[in-house]
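Engineer: Below you will find the structure I want to go over with you.
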Amino acid sequence: MTSDSNTILQLVDKYNLLKQEIAKRIIGQHDAVDSLLISIFSGGHCLLVGVPGLAKTMMVNTLAQVLGLKFNRIQFTPDLMPSDITGSEILDQNREFRFLPGPLFANIILADEINRTPPKTQAALLEAMQEHSVTVAGHTYPLQAPFFVLATQNPIEQEGTYPLPEAQLDRFMLNVNVTYPSIEEEMDIVRRTTVEDHTTISPLLSADEIVTYQQTIRRMPVADNVVDYAVRLVAATRPGDKAHALANKYLSWGAGPRASQYLVLGAKTHAALQGRFSPDIEDVRAVAVEVLRHRVVRNYYAEAEGVDTDTIVNQIQQS
């Protein structure tokens with residue numbers, strides 16, 4: 001067995017331990033936790049969409065603790081300036097300019113209610129998310145690996161919000177819907193949160209280990225038919241001659257090449273977390289909706305008929 005195979009088997013053990021540790025504090029939300037871990041081990045960013053009170057912030061905070069990573073939370077507000085998150089140059093007591101790092105200089109950034117800040121401040125995240133660096137006053141400062149932006153967004157309260165531009169949305173590997181708990185889960189939540197809670201979360205990984213797992217997953221071989229399926233699936237969302245009939249009927253714009261890249265990378269990670277050494281088409285299907293739902297744009301007919309992007313993507317996959 002190769003060293004990469006051994007590393008993947010180690011990752012499976014760590015993955016199961018991580019879920020057990022997270023479950024000490026987060027009740028339910030198994031799909032959302034799985035998606036977050038896929039995003040982390042793929043090296044991608046994640047957008048969490050859900051109504052208030054579903055433990056999105058606690059989920060990210062707990063994840064940072066179990067992964068043993070430095071965590072910063074940024075509460076996005078209408079008056080937040082780019083320098084408030086990237087940092088700025090200050091004049092020190094020696095009358096020399098010195099860079100004072102902002103909260104972006106951490107491993108996991110929780111961008112809380114990211115759509116509440118103006119586009120100028122949202123754009124300050126673009127370089128950090130794509131290049132893993134920050135440029136201030138002509139100087140570029142690298143961000144420490146691993147680096148993830150995990151953003152939250154409230155889907156129902158739109159007053160005083162600024163819709164994320166397509167370029168910003170495209171930087172997020174996954175768009176994860178955080179749903180209501182079941183009745184049993186909500187009863188457990190109420191019981192646990194209305195008494196004194198002394199739960200402690202133990203770190204199970206280090207930054208170096210996470211980088212090693214990310215590199216191993218990227219080296220994982222992928223069969224040509226899996227790549228072909230991912231690329232054709234993305235192409236089918238683009239209105240035109242090669243598009244699926246539903247895309248031509250309900251979509252204004254389809255997904256770009258970054259979607260194909262994330263489909264394959266997400267499929268690799270999904271396979272690795274199941275202890276397999278190469279992904280298949282089912283692994284692509286497992287991540288397709290969360291990779292594509294924020295990369296396709298519905299037209300008037302879809303909105304008028306109440307057809308959502310998840311339905312469109314699922315039906316395209318089944319064809």
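Just so we're on the same page: first chain in the structure tokens is A, next is B, and so on; residues restart at 1 for each chain, and ligands are numbered from 1 in the order they show up.
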Please identify every residue of stretch 130-158 of chain A that has at least one atom no farther than 12 Å from an atom of stretch 64-70 of chain A, counting only C-alpha atoms, and for each give the shortest atom pair and the distance in Å to one decimal, arranged by chain then increasing number, as a tab-separated table.
Structural biologist:
```
residue	atom	partner	partner_atom	distance
A:Leu143	CA	A:Lys70	CA	12.0
A:Gln144	CA	A:Lys70	CA	10.0
A:Ala145	CA	A:Leu69	CA	10.0
A:Pro146	CA	A:Leu69	CA	8.6
A:Phe147	CA	A:Leu69	CA	9.4
A:Phe148	CA	A:Ala64	CA	10.2
A:Val149	CA	A:Ala64	CA	11.5
A:Leu150	CA	A:Ala64	CA	10.6
```
Engineer: Near A:Ser83, counting only C-alpha atoms, which residues have an atom at most 10 Å away, once you skip same-chain residues fewer than 3 positions from it, shown as a CSV table (one decimal) with C-alpha atoms, in the first residue's frame?
Structural biologist:
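What landed in selection06.csv:
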```csv
chain,number,residue,atom,x,y,z
A,80,LEU,CA,-17.5,48.0,7.7
A,86,THR,CA,-7.4,43.3,5.8
A,87,GLY,CA,-5.5,45.5,8.2
A,88,SER,CA,-3.8,48.9,7.6
A,89,GLU,CA,-0.5,50.7,7.9
A,100,LEU,CA,-1.1,46.1,11.6
A,101,PRO,CA,-2.8,42.8,10.4
A,102,GLY,CA,-6.5,42.7,10.4
A,103,PRO,CA,-8.8,39.7,11.4
A,121,THR,CA,-15.8,45.6,1.5
A,124,ALA,CA,-11.6,43.0,-0.1
A,136,VAL,CA,-2.3,47.0,1.5
```
Engineer: Among stretch 38-236 of chain A, which residues does DSSP mark as alpha helix (DSSP H) when it is run on the backbone? Keep the chain and numbering as in the structure and answer as an NGL selection string.
Structural biologist: :A and (38-42 or 56-67 or 82-86 or 119-131 or 166-170 or 183-193 or 207-219 or 224-235)
Engineer: Hey, what's within 12 Å of A:Lys242 if we count only C-alpha atoms and toss same-chain stuff fewer than 5 positions away? As a CSV table (one decimal) with N, CA and C atoms, in the first residue's frame, please?
Structural biologist:
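Output (around.csv):
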```csv
chain,number,residue,atom,x,y,z
A,231,VAL,N,-17.5,17.7,-16.5
A,231,VAL,CA,-17.4,18.8,-17.4
A,231,VAL,C,-18.7,18.9,-18.2
A,232,ARG,N,-19.2,17.7,-18.6
A,232,ARG,CA,-20.5,17.7,-19.4
A,232,ARG,C,-21.7,18.2,-18.6
A,233,LEU,N,-21.6,17.9,-17.3
A,233,LEU,CA,-22.7,18.3,-16.4
A,233,LEU,C,-22.7,19.9,-16.3
A,234,VAL,N,-21.5,20.4,-16.2
A,234,VAL,CA,-21.4,21.9,-16.1
A,234,VAL,C,-21.8,22.5,-17.4
A,235,ALA,N,-21.4,21.9,-18.5
A,235,ALA,CA,-21.7,22.5,-19.8
A,235,ALA,C,-23.2,22.4,-20.1
A,236,ALA,N,-23.9,21.4,-19.5
A,236,ALA,CA,-25.3,21.3,-19.7
A,236,ALA,C,-26.1,22.4,-19.0
A,237,THR,N,-25.5,23.2,-18.1
A,237,THR,CA,-26.2,24.3,-17.4
A,237,THR,C,-26.1,25.6,-18.2
A,247,ALA,N,-32.1,24.0,-18.9
A,247,ALA,CA,-31.2,25.1,-18.8
A,247,ALA,C,-31.7,26.2,-19.8
A,248,ASN,N,-32.0,25.8,-21.0
A,248,ASN,CA,-32.5,26.7,-22.0
A,248,ASN,C,-33.8,27.4,-21.6
A,254,GLY,N,-25.2,29.9,-17.1
A,254,GLY,CA,-24.7,28.6,-16.5
A,254,GLY,C,-23.5,28.8,-15.7
```
Engineer: Can you tell me, as a list in words, what residues are no more than 12 Å from stretch 184-197 of chain A when counting only C-alpha atoms, ignoring any on the same chain fewer than 4 positions away?
Structural biologist: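 Here the answer would be Ala23, Lys24, Arg25, Ile26, Ile27, Gly28, Gln29, His30, Gly53, Leu54, Ala55, Thr179, Tyr180 and Ile201 of chain A.
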Engineer: Any chance you could export the current selection's C-alpha atoms as a tab-separated table (two decimals), in the first residue's frame?
Structural biologist:
```
chain	number	residue	atom	x	y	z
A	23	ALA	CA	-21.57	16.16	17.77
A	24	LYS	CA	-20.73	16.93	21.43
A	25	ARG	CA	-21.83	20.50	20.76
A	26	ILE	CA	-23.75	20.50	17.46
A	27	ILE	CA	-26.95	18.43	17.48
A	28	GLY	CA	-28.01	17.16	14.07
A	29	GLN	CA	-26.93	19.14	10.96
A	30	HIS	CA	-24.98	16.06	9.81
A	53	GLY	CA	-30.81	30.42	15.24
A	54	LEU	CA	-29.63	27.29	13.41
A	55	ALA	CA	-26.15	27.28	15.04
A	179	THR	CA	-32.04	23.41	7.56
A	180	TYR	CA	-34.34	23.26	10.57
A	201	ILE	CA	-13.95	20.39	22.57
```
Engineer: For the strand (DSSP E or B) assignment from backbone DSSP, which residues of stretch 73-162 of chain A qualify? Please present them as a count of residues only.
Structural biologist: 32
Engineer: Return the single residue from A:Lys56, A:Arg295, A:Arg98, A:His139 that is closest to A:Gln168, with distances computed using only C-alpha atoms.
Structural biologist: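 Ranking A:Lys56, A:Arg295, A:Arg98, A:His139 by distance to A:Gln168, first place goes to A:Arg295.
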Engineer: In terms of the shortest atom-to-atom distance over only C-alpha atoms, which of A:Leu205, A:Val284, A:Ala259, A:Ala302 is closest to A:Asp13?
Structural biologist: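 That would be A:Leu205, the residue with the smallest distance to A:Asp13.
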Engineer: Identify which of the residues A:Arg116, A:Lys268, A:Lys249, A:Arg276 lies closest to A:Pro155, counting only C-alpha atoms when measuring atom-to-atom distances.
Structural biologist: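 Looking only at the distances to A:Pro155, the closest residue turns out to be A:Arg116.
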